[in-house]
file final.pdb (PDB, C-alpha atoms, pLDDT in the B column)
ATOM      1  CA  MET A   1      -0.231  69.357 -47.455  1.00 82.00           C
ATOM      2  CA  GLU A   2       1.964  66.246 -47.453  1.00 88.00           C
ATOM      3  CA  LEU A   3      -0.632  64.411 -45.392  1.00 91.00           C
ATOM      4  CA  MET A   4      -3.312  65.213 -47.961  1.00 91.00           C
ATOM      5  CA  ILE A   5      -1.114  63.816 -50.740  1.00 92.00           C
ATOM      6  CA  VAL A   6      -0.541  60.609 -48.760  1.00 92.00           C
ATOM      7  CA  ILE A   7      -4.281  60.277 -48.092  1.00 93.00           C
ATOM      8  CA  ALA A   8      -5.039  60.863 -51.788  1.00 92.00           C
ATOM      9  CA  ILE A   9      -2.539  58.183 -52.814  1.00 92.00           C
ATOM     10  CA  ILE A  10      -4.009  55.705 -50.314  1.00 93.00           C
ATOM     11  CA  ALA A  11      -7.531  56.487 -51.553  1.00 91.00           C
ATOM     12  CA  LEU A  12      -6.407  55.906 -55.132  1.00 91.00           C
ATOM     13  CA  ILE A  13      -4.826  52.562 -54.244  1.00 91.00           C
ATOM     14  CA  VAL A  14      -7.961  51.471 -52.363  1.00 89.00           C
ATOM     15  CA  GLY A  15     -10.192  52.676 -55.213  1.00 91.00           C
ATOM     16  CA  ILE A  16      -8.309  50.525 -57.691  1.00 90.00           C
ATOM     17  CA  GLY A  17      -7.633  47.603 -55.359  1.00 90.00           C
ATOM     18  CA  ILE A  18     -11.138  46.836 -54.106  1.00 92.00           C
ATOM     19  CA  PRO A  19     -12.731  46.267 -57.554  1.00 91.00           C
ATOM     20  CA  ALA A  20      -9.740  44.174 -58.617  1.00 90.00           C
ATOM     21  CA  TYR A  21      -9.981  42.108 -55.428  1.00 92.00           C
ATOM     22  CA  THR A  22     -13.743  41.624 -55.919  1.00 92.00           C
ATOM     23  CA  ALA A  23     -13.203  40.507 -59.518  1.00 93.00           C
ATOM     24  CA  MET A  24     -10.517  38.068 -58.387  1.00 93.00           C
ATOM     25  CA  ILE A  25     -12.856  36.554 -55.766  1.00 92.00           C
ATOM     26  CA  ASN A  26     -15.702  36.247 -58.300  1.00 91.00           C
ATOM     27  CA  ASN A  27     -13.424  34.554 -60.839  1.00 93.00           C
ATOM     28  CA  GLY A  28     -12.233  32.116 -58.189  1.00 92.00           C
ATOM     29  CA  ASN A  29     -15.804  31.289 -57.180  1.00 92.00           C
ATOM     30  CA  GLU A  30     -16.813  30.768 -60.820  1.00 94.00           C
ATOM     31  CA  THR A  31     -13.865  28.441 -61.368  1.00 94.00           C
ATOM     32  CA  SER A  32     -14.839  26.524 -58.234  1.00 93.00           C
ATOM     33  CA  ALA A  33     -18.459  26.256 -59.420  1.00 94.00           C
ATOM     34  CA  VAL A  34     -17.391  24.846 -62.797  1.00 95.00           C
ATOM     35  CA  ALA A  35     -15.112  22.340 -61.054  1.00 95.00           C
ATOM     36  CA  SER A  36     -17.994  21.337 -58.761  1.00 94.00           C
ATOM     37  CA  ILE A  37     -20.299  20.758 -61.739  1.00 95.00           C
ATOM     38  CA  ASN A  38     -17.648  18.590 -63.397  1.00 96.00           C
ATOM     39  CA  THR A  39     -17.235  16.616 -60.153  1.00 94.00           C
ATOM     40  CA  ILE A  40     -21.009  16.103 -59.876  1.00 95.00           C
ATOM     41  CA  LYS A  41     -21.089  14.945 -63.505  1.00 95.00           C
ATOM     42  CA  SER A  42     -18.315  12.431 -62.828  1.00 95.00           C
ATOM     43  CA  LEU A  43     -19.976  11.180 -59.637  1.00 95.00           C
ATOM     44  CA  GLN A  44     -23.304  10.766 -61.456  1.00 94.00           C
ATOM     45  CA  THR A  45     -21.482   8.628 -64.024  1.00 94.00           C
ATOM     46  CA  ASN A  46     -20.106   6.465 -61.205  1.00 94.00           C
ATOM     47  CA  TYR A  47     -23.574   6.247 -59.631  1.00 94.00           C
ATOM     48  CA  VAL A  48     -25.165   5.183 -62.937  1.00 92.00           C
ATOM     49  CA  SER A  49     -22.650   2.374 -63.378  1.00 93.00           C
ATOM     50  CA  LYS A  50     -23.497   0.999 -59.923  1.00 93.00           C
ATOM     51  CA  HIS A  51     -27.304   1.416 -60.036  1.00 91.00           C
ATOM     52  CA  GLN A  52     -28.516  -0.232 -63.262  1.00 90.00           C
ATOM     53  CA  GLY A  53     -28.369   2.944 -65.346  1.00 87.00           C
ATOM     54  CA  LYS A  54     -30.338   5.143 -62.928  1.00 90.00           C
ATOM     55  CA  PHE A  55     -29.100   8.590 -61.962  1.00 92.00           C
ATOM     56  CA  ALA A  56     -28.977   9.764 -58.353  1.00 93.00           C
ATOM     57  CA  PRO A  57     -32.200  11.719 -57.737  1.00 93.00           C
ATOM     58  CA  ASN A  58     -30.600  14.307 -55.443  1.00 94.00           C
ATOM     59  CA  PHE A  59     -27.377  15.536 -53.879  1.00 95.00           C
ATOM     60  CA  ASP A  60     -27.954  13.623 -50.641  1.00 95.00           C
ATOM     61  CA  GLU A  61     -27.951  10.341 -52.549  1.00 94.00           C
ATOM     62  CA  LEU A  62     -24.639  11.258 -54.196  1.00 94.00           C
ATOM     63  CA  ILE A  63     -23.191  12.143 -50.791  1.00 95.00           C
ATOM     64  CA  LYS A  64     -24.291   8.797 -49.378  1.00 94.00           C
ATOM     65  CA  SER A  65     -23.387   6.609 -52.359  1.00 91.00           C
ATOM     66  CA  VAL A  66     -20.374   8.087 -54.123  1.00 90.00           C
ATOM     67  CA  GLN A  67     -18.812  10.468 -51.606  1.00 89.00           C
ATOM     68  CA  LEU A  68     -19.925  13.887 -52.874  1.00 92.00           C
ATOM     69  CA  ASP A  69     -18.704  16.663 -50.569  1.00 91.00           C
ATOM     70  CA  GLU A  70     -20.996  17.271 -47.548  1.00 94.00           C
ATOM     71  CA  ARG A  71     -21.310  20.951 -48.521  1.00 93.00           C
ATOM     72  CA  PHE A  72     -23.811  19.794 -51.157  1.00 95.00           C
ATOM     73  CA  ALA A  73     -26.287  18.394 -48.620  1.00 94.00           C
ATOM     74  CA  GLY A  74     -29.893  19.470 -49.053  1.00 93.00           C
ATOM     75  CA  GLU A  75     -32.193  20.273 -51.933  1.00 92.00           C
ATOM     76  CA  SER A  76     -30.525  23.517 -53.094  1.00 93.00           C
ATOM     77  CA  PRO A  77     -27.074  23.793 -51.518  1.00 95.00           C
ATOM     78  CA  VAL A  78     -25.177  27.079 -51.681  1.00 94.00           C
ATOM     79  CA  VAL A  79     -21.464  26.525 -52.259  1.00 92.00           C
ATOM     80  CA  ASN A  80     -19.063  29.460 -52.724  1.00 86.00           C
ATOM     81  CA  GLY A  81     -21.969  31.804 -53.397  1.00 87.00           C
ATOM     82  CA  TYR A  82     -23.592  29.630 -56.072  1.00 92.00           C
ATOM     83  CA  ILE A  83     -26.905  27.788 -55.676  1.00 95.00           C
ATOM     84  CA  PHE A  84     -26.822  24.260 -57.055  1.00 96.00           C
ATOM     85  CA  LYS A  85     -29.988  22.447 -58.150  1.00 95.00           C
ATOM     86  CA  MET A  86     -30.382  18.954 -59.525  1.00 92.00           C
ATOM     87  CA  THR A  87     -33.239  17.742 -61.703  1.00 91.00           C
ATOM     88  CA  VAL A  88     -33.218  14.163 -62.956  1.00 87.00           C
ATOM     89  CA  GLN A  89     -35.598  13.093 -65.718  1.00 83.00           C
ATOM     90  CA  GLU A  90     -36.178   9.483 -66.609  1.00 76.00           C
ATOM     91  CA  SER A  91     -35.432   8.622 -70.228  1.00 72.00           C
ATOM     92  CA  SER A  92     -38.347   7.997 -72.558  1.00 72.00           C
ATOM     93  CA  GLY A  93     -38.859   7.123 -76.195  1.00 67.00           C
ATOM     94  CA  THR A  94     -38.279  10.725 -77.254  1.00 72.00           C
ATOM     95  CA  LYS A  95     -35.565  11.599 -74.730  1.00 66.00           C
ATOM     96  CA  PRO A  96     -32.365   9.607 -74.327  1.00 60.00           C
TER
END
call {"tool": "encode", "arguments": {"input": "final.pdb", "output": "C-alpha cells"}}
result
Amino acid sequence: MELMIVIAIIALIVGIGIPAYTAMINNGNETSAVASINTIKSLQTNYVSKHQGKFAPNFDELIKSVQLDERFAGESPVVNGYIFKMTVQESSGTKP
C-alpha cells in the first residue's frame, strides 16, 4: 500500500514536471532565436556599411565577412530547433 502511494506521488511529479520542463526548453529556444535574429540584423548593418550599401546575400557571406557564428553555415541552417532563411531583395523605385 505504501509503495503504491509513493509510486502515485512520483507519477504525479513526473506528470507535472515533464510539460513544465518542455515549456521551459521551448521558451529558451525562442529567446535564443530572437537573439539570433537581432544579431543577424546587426551584422547585416555592419556588412552594408562596408560594402557600398549592399546586403550580404546569404549566411555564408556573413560568416566570412562579419563573423556570424558558424552554426549558421548553409542555405537554411537549423539552430536550436529553428530553421533560419535569408532572402535579400535589391531596392527599386517602389521598394526602399
call {"tool": "resolve_selection", "arguments": {"input": "final.pdb", "expression": "the PyMOL selection byres ((chain A and resi 83-93) around 12)", "output": "tab-separated table (two decimals) with C-alpha atoms, in the frame of the given file"}}
result
chain	number	residue	atom	x	y	z
A	29	ASN	CA	-15.80	31.29	-57.18
A	30	GLU	CA	-16.81	30.77	-60.82
A	33	ALA	CA	-18.46	26.26	-59.42
A	34	VAL	CA	-17.39	24.85	-62.80
A	36	SER	CA	-17.99	21.34	-58.76
A	37	ILE	CA	-20.30	20.76	-61.74
A	40	ILE	CA	-21.01	16.10	-59.88
A	41	LYS	CA	-21.09	14.94	-63.50
A	44	GLN	CA	-23.30	10.77	-61.46
A	53	GLY	CA	-28.37	2.94	-65.35
A	54	LYS	CA	-30.34	5.14	-62.93
A	55	PHE	CA	-29.10	8.59	-61.96
A	56	ALA	CA	-28.98	9.76	-58.35
A	57	PRO	CA	-32.20	11.72	-57.74
A	58	ASN	CA	-30.60	14.31	-55.44
A	59	PHE	CA	-27.38	15.54	-53.88
A	60	ASP	CA	-27.95	13.62	-50.64
A	61	GLU	CA	-27.95	10.34	-52.55
A	62	LEU	CA	-24.64	11.26	-54.20
A	71	ARG	CA	-21.31	20.95	-48.52
A	72	PHE	CA	-23.81	19.79	-51.16
A	73	ALA	CA	-26.29	18.39	-48.62
A	74	GLY	CA	-29.89	19.47	-49.05
A	75	GLU	CA	-32.19	20.27	-51.93
A	76	SER	CA	-30.52	23.52	-53.09
A	77	PRO	CA	-27.07	23.79	-51.52
A	78	VAL	CA	-25.18	27.08	-51.68
A	79	VAL	CA	-21.46	26.52	-52.26
A	80	ASN	CA	-19.06	29.46	-52.72
A	81	GLY	CA	-21.97	31.80	-53.40
A	82	TYR	CA	-23.59	29.63	-56.07
A	94	THR	CA	-38.28	10.72	-77.25
A	95	LYS	CA	-35.56	11.60	-74.73
A	96	PRO	CA	-32.36	9.61	-74.33
call {"tool": "closest_residue", "arguments": {"input": "final.pdb", "among": "A:Ile13, A:Val66, A:Met4, A:Thr39", "to": "His51 in chain A", "atoms": "only C-alpha atoms"}}
result
A:Val66
call {"tool": "atom_distance", "arguments": {"input": "final.pdb", "atom1": "CA of Met1 in chain A", "atom2": "CA of Ile18 in chain A"}}
result
25.9 Å
call {"tool": "atom_distance", "arguments": {"input": "final.pdb", "atom1": "CA of Ala35 in chain A", "atom2": "CA of Pro19 in chain A"}}
result
24.3 Å
call {"tool": "atom_distance", "arguments": {"input": "final.pdb", "atom1": "CA of Leu68 in chain A", "atom2": "CA of Thr45 in chain A"}}
result
12.4 Å
